$ cat query15.cif   # mmCIF, C-alpha atoms
data_coords
#
loop_
_atom_site.group_PDB
_atom_site.id
_atom_site.type_symbol
_atom_site.label_atom_id
_atom_site.label_comp_id
_atom_site.auth_asym_id
_atom_site.auth_seq_id
_atom_site.Cartn_x
_atom_site.Cartn_y
_atom_site.Cartn_z
ATOM 1 C CA MET I 1 120.524 12.566 86.879
ATOM 2 C CA VAL I 2 119.021 10.322 84.221
ATOM 3 C CA ASP I 3 121.338 9.145 81.464
ATOM 4 C CA ALA I 4 119.119 8.126 78.548
ATOM 5 C CA ALA I 5 120.108 7.792 74.919
ATOM 6 C CA ILE I 6 118.250 6.658 71.831
ATOM 7 C CA VAL I 7 121.234 4.524 70.847
ATOM 8 C CA ASP I 8 120.825 2.496 74.062
ATOM 9 C CA GLY I 9 117.172 1.913 73.246
ATOM 10 C CA SER I 10 118.177 0.785 69.756
ATOM 11 C CA ALA I 11 120.625 -1.704 71.247
ATOM 12 C CA HIS I 12 117.881 -3.104 73.482
ATOM 13 C CA MET I 13 115.624 -3.512 70.463
ATOM 14 C CA MET I 14 118.326 -5.729 68.939
ATOM 15 C CA ASN I 15 118.058 -8.283 71.758
ATOM 16 C CA LEU I 16 115.501 -10.309 69.793
ATOM 17 C CA LEU I 17 117.937 -10.562 66.900
ATOM 18 C CA MET I 18 120.783 -11.554 69.233
ATOM 19 C CA VAL I 19 118.657 -14.382 70.638
ATOM 20 C CA LEU I 20 117.808 -15.476 67.088
ATOM 21 C CA GLY I 21 121.532 -15.531 66.331
ATOM 22 C CA GLN I 22 122.154 -18.011 69.141
ATOM 23 C CA SER I 23 119.760 -20.486 67.540
ATOM 24 C CA GLY I 24 120.901 -19.969 63.934
ATOM 25 C CA GLY I 25 117.963 -17.726 63.037
ATOM 26 C CA LEU I 26 120.165 -14.692 62.285
ATOM 27 C CA VAL I 27 122.895 -14.836 59.688
ATOM 28 C CA ALA I 28 124.911 -12.053 58.064
ATOM 29 C CA GLU I 29 123.751 -12.770 54.505
ATOM 30 C CA ARG I 30 120.710 -10.713 53.524
ATOM 31 C CA GLY I 31 117.547 -12.730 52.930
ATOM 32 C CA GLN I 32 118.729 -15.811 54.798
ATOM 33 C CA SER I 33 117.623 -15.079 58.360
ATOM 34 C CA LEU I 34 114.392 -16.085 60.025
ATOM 35 C CA LEU I 35 113.046 -12.518 59.812
ATOM 36 C CA ASP I 36 114.002 -11.684 56.217
ATOM 37 C CA GLY I 37 114.291 -14.959 54.324
ATOM 38 C CA PRO I 38 111.062 -16.930 54.585
ATOM 39 C CA HIS I 39 108.112 -16.314 52.311
ATOM 40 C CA TRP I 40 106.024 -15.695 55.454
ATOM 41 C CA CYS I 41 108.231 -12.845 56.686
ATOM 42 C CA ARG I 42 108.357 -10.345 53.829
ATOM 43 C CA VAL I 43 106.737 -7.344 52.212
ATOM 44 C CA TYR I 44 104.989 -7.899 48.874
ATOM 45 C CA ARG I 45 104.000 -5.427 46.150
ATOM 46 C CA THR I 46 100.304 -5.325 45.292
ATOM 47 C CA ALA I 47 98.553 -4.689 41.960
ATOM 48 C CA ASP I 48 98.154 -0.963 42.647
ATOM 49 C CA GLY I 49 101.814 -0.406 43.566
ATOM 50 C CA GLY I 50 101.111 -0.595 47.294
ATOM 51 C CA PHE I 51 102.638 -3.069 49.709
ATOM 52 C CA ILE I 52 101.410 -5.734 52.116
ATOM 53 C CA SER I 53 103.501 -6.954 55.063
ATOM 54 C CA VAL I 54 103.390 -10.656 55.973
ATOM 55 C CA GLN I 55 104.910 -11.642 59.332
ATOM 56 C CA CYS I 56 103.267 -14.916 60.358
ATOM 57 C CA ILE I 57 106.199 -16.606 62.098
ATOM 58 C CA GLU I 58 104.291 -18.809 64.528
ATOM 59 C CA PRO I 59 102.677 -21.903 62.955
ATOM 60 C CA LYS I 60 99.190 -21.062 64.256
ATOM 61 C CA PHE I 61 99.305 -17.640 62.563
ATOM 62 C CA TYR I 62 100.850 -19.125 59.421
ATOM 63 C CA ALA I 63 97.950 -21.618 59.253
ATOM 64 C CA LEU I 64 95.448 -18.734 59.405
ATOM 65 C CA PHE I 65 97.407 -16.943 56.681
ATOM 66 C CA LEU I 66 97.299 -19.978 54.383
ATOM 67 C CA ASP I 67 93.608 -20.506 55.110
ATOM 68 C CA ARG I 68 92.707 -16.935 54.108
ATOM 69 C CA LEU I 69 94.663 -17.349 50.868
ATOM 70 C CA GLY I 70 93.107 -20.727 50.090
ATOM 71 C CA LEU I 71 96.499 -22.431 50.334
ATOM 72 C CA ALA I 72 95.925 -24.552 53.455
ATOM 73 C CA ALA I 73 95.919 -27.794 51.449
ATOM 74 C CA ASP I 74 99.012 -26.962 49.369
ATOM 75 C CA PRO I 75 101.726 -29.502 50.284
ATOM 76 C CA GLN I 76 104.598 -27.100 49.585
ATOM 77 C CA PHE I 77 103.174 -24.335 51.763
ATOM 78 C CA ALA I 78 102.615 -26.926 54.512
ATOM 79 C CA LYS I 79 106.427 -27.097 54.904
ATOM 80 C CA GLN I 80 106.714 -23.697 56.581
ATOM 81 C CA PHE I 81 110.294 -24.095 57.833
ATOM 82 C CA ASP I 82 111.799 -25.806 54.776
ATOM 83 C CA ARG I 83 114.449 -23.230 53.767
ATOM 84 C CA ASP I 84 114.886 -24.821 50.351
ATOM 85 C CA LEU I 85 111.277 -23.930 49.479
ATOM 86 C CA TRP I 86 111.393 -20.301 50.686
ATOM 87 C CA PRO I 87 112.520 -18.747 47.363
ATOM 88 C CA GLU I 88 109.921 -20.604 45.291
ATOM 89 C CA LEU I 89 107.110 -19.982 47.782
ATOM 90 C CA GLY I 90 108.124 -16.333 48.009
ATOM 91 C CA ASN I 91 107.815 -16.053 44.231
ATOM 92 C CA ARG I 92 104.398 -17.705 44.338
ATOM 93 C CA LEU I 93 103.200 -15.304 47.036
ATOM 94 C CA ALA I 94 104.620 -12.351 45.109
ATOM 95 C CA ALA I 95 102.488 -13.356 42.118
ATOM 96 C CA ILE I 96 99.424 -13.854 44.302
ATOM 97 C CA PHE I 97 99.741 -10.467 46.025
ATOM 98 C CA ALA I 98 100.485 -8.734 42.701
ATOM 99 C CA ALA I 99 97.067 -9.795 41.426
ATOM 100 C CA LYS I 100 94.965 -7.496 43.670
ATOM 101 C CA PRO I 101 95.255 -3.979 45.110
ATOM 102 C CA ARG I 102 96.466 -3.420 48.674
ATOM 103 C CA ASP I 103 93.047 -2.498 50.056
ATOM 104 C CA GLU I 104 91.520 -5.774 48.850
ATOM 105 C CA TRP I 105 94.234 -7.701 50.689
ATOM 106 C CA THR I 106 93.703 -5.523 53.741
ATOM 107 C CA SER I 107 89.986 -6.373 53.703
ATOM 108 C CA LEU I 108 90.680 -10.088 53.308
ATOM 109 C CA PHE I 109 92.936 -10.200 56.369
ATOM 110 C CA GLU I 110 91.125 -7.560 58.482
ATOM 111 C CA GLY I 111 90.166 -8.869 61.911
ATOM 112 C CA SER I 112 92.247 -12.042 61.580
ATOM 113 C CA ASP I 113 95.369 -13.122 63.456
ATOM 114 C CA ALA I 114 97.121 -13.991 60.193
ATOM 115 C CA CYS I 115 99.739 -11.255 60.803
ATOM 116 C CA VAL I 116 99.190 -9.452 57.502
ATOM 117 C CA SER I 117 98.948 -5.666 57.336
ATOM 118 C CA PRO I 118 99.069 -2.946 54.724
ATOM 119 C CA VAL I 119 102.206 -0.825 54.567
ATOM 120 C CA LEU I 120 100.902 2.687 55.174
ATOM 121 C CA SER I 121 102.418 6.053 54.408
ATOM 122 C CA PRO I 122 102.768 8.358 57.427
ATOM 123 C CA TRP I 123 99.650 10.229 56.284
ATOM 124 C CA GLU I 124 97.649 7.028 55.977
ATOM 125 C CA ALA I 125 98.937 5.884 59.372
ATOM 126 C CA ALA I 126 97.773 9.143 60.951
ATOM 127 C CA ARG I 127 94.244 8.471 59.669
ATOM 128 C CA HIS I 128 94.206 4.804 60.689
ATOM 129 C CA PRO I 129 91.458 4.284 63.317
ATOM 130 C CA HIS I 130 93.824 2.797 65.914
ATOM 131 C CA MET I 131 96.402 5.569 65.564
ATOM 132 C CA ALA I 132 93.714 8.254 65.476
ATOM 133 C CA ALA I 133 92.059 6.904 68.644
ATOM 134 C CA ARG I 134 95.398 7.015 70.455
ATOM 135 C CA GLY I 135 96.268 10.473 69.138
ATOM 136 C CA SER I 136 99.620 9.139 67.950
ATOM 137 C CA TRP I 137 99.973 11.749 65.217
ATOM 138 C CA LEU I 138 99.401 15.521 65.257
ATOM 139 C CA ALA I 139 99.327 18.190 62.598
ATOM 140 C CA VAL I 140 100.958 21.400 63.813
ATOM 141 C CA ASP I 141 100.492 24.226 61.319
ATOM 142 C CA GLY I 142 99.817 21.616 58.656
ATOM 143 C CA VAL I 143 102.969 19.611 59.396
ATOM 144 C CA LEU I 144 102.421 15.989 60.458
ATOM 145 C CA GLN I 145 104.460 14.822 63.440
ATOM 146 C CA ALA I 146 104.330 12.141 66.107
ATOM 147 C CA ALA I 147 102.753 13.074 69.430
ATOM 148 C CA ALA I 148 104.851 12.936 72.576
ATOM 149 C CA ALA I 149 105.508 9.499 74.020
ATOM 150 C CA PRO I 150 105.430 7.932 76.491
ATOM 151 C CA ARG I 151 102.300 9.345 78.054
ATOM 152 C CA PHE I 152 101.814 9.493 81.793
ATOM 153 C CA SER I 153 98.449 9.406 83.545
ATOM 154 C CA GLY I 154 97.680 12.615 85.367
ATOM 155 C CA TRP I 155 99.895 14.700 83.088
ATOM 156 C CA ALA I 156 98.424 16.935 80.431
ATOM 157 C CA GLN I 157 99.929 16.342 77.036
ATOM 158 C CA LYS I 158 101.217 19.510 75.441
ATOM 159 C CA THR I 159 100.807 20.192 71.752
ATOM 160 C CA PRO I 160 104.186 20.924 70.171
ATOM 161 C CA THR I 161 104.716 24.375 68.759
ATOM 162 C CA LYS I 162 105.636 25.113 65.183
ATOM 163 C CA GLY I 163 109.325 24.628 64.452
ATOM 164 C CA PRO I 164 111.393 27.599 63.343
ATOM 165 C CA ALA I 165 111.925 28.353 59.681
ATOM 166 C CA ARG I 166 115.310 27.468 58.247
ATOM 167 C CA ASP I 167 117.912 29.936 59.609
ATOM 168 C CA GLU I 168 115.194 31.877 61.458
ATOM 169 C CA HIS I 169 117.476 32.322 64.482
ATOM 170 C CA GLY I 170 120.803 31.901 62.667
ATOM 171 C CA ALA I 171 122.059 35.464 63.096
ATOM 172 C CA GLU I 172 121.344 35.451 66.847
ATOM 173 C CA ILE I 173 123.029 32.091 67.328
ATOM 174 C CA ARG I 174 126.136 33.113 65.362
ATOM 175 C CA ALA I 175 126.356 36.378 67.314
ATOM 176 C CA GLU I 176 126.095 34.490 70.603
ATOM 177 C CA LEU I 177 128.758 32.005 69.554
ATOM 178 C CA ALA I 178 131.083 34.800 68.474
ATOM 179 C CA ASP I 179 130.807 36.582 71.866
ATOM 180 C CA PRO I 180 133.543 35.161 74.159
ATOM 181 C CA ASP I 181 131.811 36.640 77.241
ATOM 182 C CA THR I 182 128.685 34.517 76.802
ATOM 183 C CA ASN I 183 128.402 31.919 79.554
ATOM 184 C CA ARG I 184 125.691 29.740 78.122
#
$ encode --input "query15.cif" --output "structure tokens"
Amino acid sequence: MVDAAIVDGSAHMMNLLMVLGQSGGLVAERGQSLLDGPHWCRVYRTADGGFISVQCIEPKFYALFLDRLGLAADPQFAKQFDRDLWPELGNRLAAIFAAKPRDEWTSLFEGSDACVSPVLSPWEAARHPHMAARGSWLAVDGVLQAAAAPRFSGWAQKTPTKGPARDEHGAEIRAELADPDTNR
């Protein structure tokens, strides 16, 4: 027997945050933790109403980020971990990212290790070259859905079938539930 539950996987995904909490990097107040407070760990709105995600935590990636934006010589931005500057620098970045559309920012950071990416809709993600090459998304009868994961070598991946229409099997299920002799 294998006892597996999504909730257990979710708990394991929280281990990073628990480690951050031990070092003061995770606090209960929104916008004050290492992963949601700094100007270099946020999502910004772009000129066209899209969004760009910035997650350059490590100093070497942050330096690349500043270089691409032309901010490498800015003395305030040089103080990456100065919490007192985070709100002001966040506002400055918000204004910078609001000046151009998402795709221009995507092009500027494409191929770099600056840890900047566009926020894509599910439909855009399905068309993204990396996701398309992996076959991460499928359209079954015109409905977009994630492909099965994980994948195992030597096993053929099955294409999911179309889901039933709302209440398509309702009468049969209710009849089965109402029958006390059903041993299912």
$ atom_distance --input "query15.cif" --atom1 "CA of Leu138 in chain I" --atom2 "CA of Ala126 in chain I"
7.9 Å
$ atom_distance --input "query15.cif" --atom1 "CA of Gln55 in chain I" --atom2 "CA of Pro118 in chain I"
11.4 Å
$ atom_distance --input "query15.cif" --atom1 "CA of His128 in chain I" --atom2 "CA of Asp141 in chain I"
20.4 Å
$ closest_residue --input "query15.cif" --among "I:Gly70, I:Pro101, I:Gly9, I:Gly21" --to "Thr46 in chain I" --atoms "all atoms listed in the file"
I:Pro101
$ closest_residue --input "query15.cif" --among "I:Trp86, I:Phe109, I:Trp137, I:Tyr44" --to "Pro122 in chain I" --atoms "all atoms listed in the file"
I:Trp137
$ residues_around --input "query15.cif" --residues "Arg42 in chain I" --least-positions-apart "3" --cutoff "10 Å" --atoms "all atoms listed in the file" --output "NGL selection string"
:I and (31 or 35-39 or 52-56 or 90 or 93-94 or 116)
$ residues_around --input "query15.cif" --residues "range 153-161 of chain I" --least-positions-apart "2" --cutoff "9 Å" --atoms "all atoms listed in the file" --output "ChimeraX atom specification"
/I:138,140-141,147-148,151,163
$ residues_around --input "query15.cif" --residues "Ser136 in chain I" --least-positions-apart "5" --cutoff "10 Å" --atoms "all atoms listed in the file" --output "list in words"
Ala125, Ala126, Arg127, His130, Met131, Gln145, Ala146, Ala147, Ala148 and Ala149 of chain I
$ resolve_selection --input "query15.cif" --expression "the PyMOL selection byres ((chain I and resi 62-69) around 9)" --output "PyMOL selection string"
chain I and resi 40+54-61+70-74+77-78+80+96+108-109+112-116
$ residues_around --input "query15.cif" --residues "Leu34 in chain I" --least-positions-apart "5" --cutoff "9 Å" --atoms "only C-alpha atoms" --output "list of chain:residue names"
I:Leu20, I:Gly24, I:Gly25, I:Leu26, I:Val27, I:Cys41, I:Ile57
$ write_last_selection --input "query15.cif" --atoms "C-alpha atoms" --output "PDB file, in the coordinates of the input"
ATOM      1  CA  LEU I  20     117.808 -15.476  67.088  1.00  0.00           C
ATOM      2  CA  GLY I  24     120.901 -19.969  63.934  1.00  0.00           C
ATOM      3  CA  GLY I  25     117.963 -17.726  63.037  1.00  0.00           C
ATOM      4  CA  LEU I  26     120.165 -14.692  62.285  1.00  0.00           C
ATOM      5  CA  VAL I  27     122.895 -14.836  59.688  1.00  0.00           C
ATOM      6  CA  CYS I  41     108.231 -12.845  56.686  1.00  0.00           C
ATOM      7  CA  ILE I  57     106.199 -16.606  62.098  1.00  0.00           C
TER       8      ILE I  57
END
$ axis_aligned_box --input "query15.cif" --around "range 122-139 of chain I" --padding-each-side "5 Å" --output "AutoDock Vina command-line options"
--center_x 97.1 --center_y 10.5 --center_z 63.2 --size_x 21.3 --size_y 25.4 --size_z 24.5
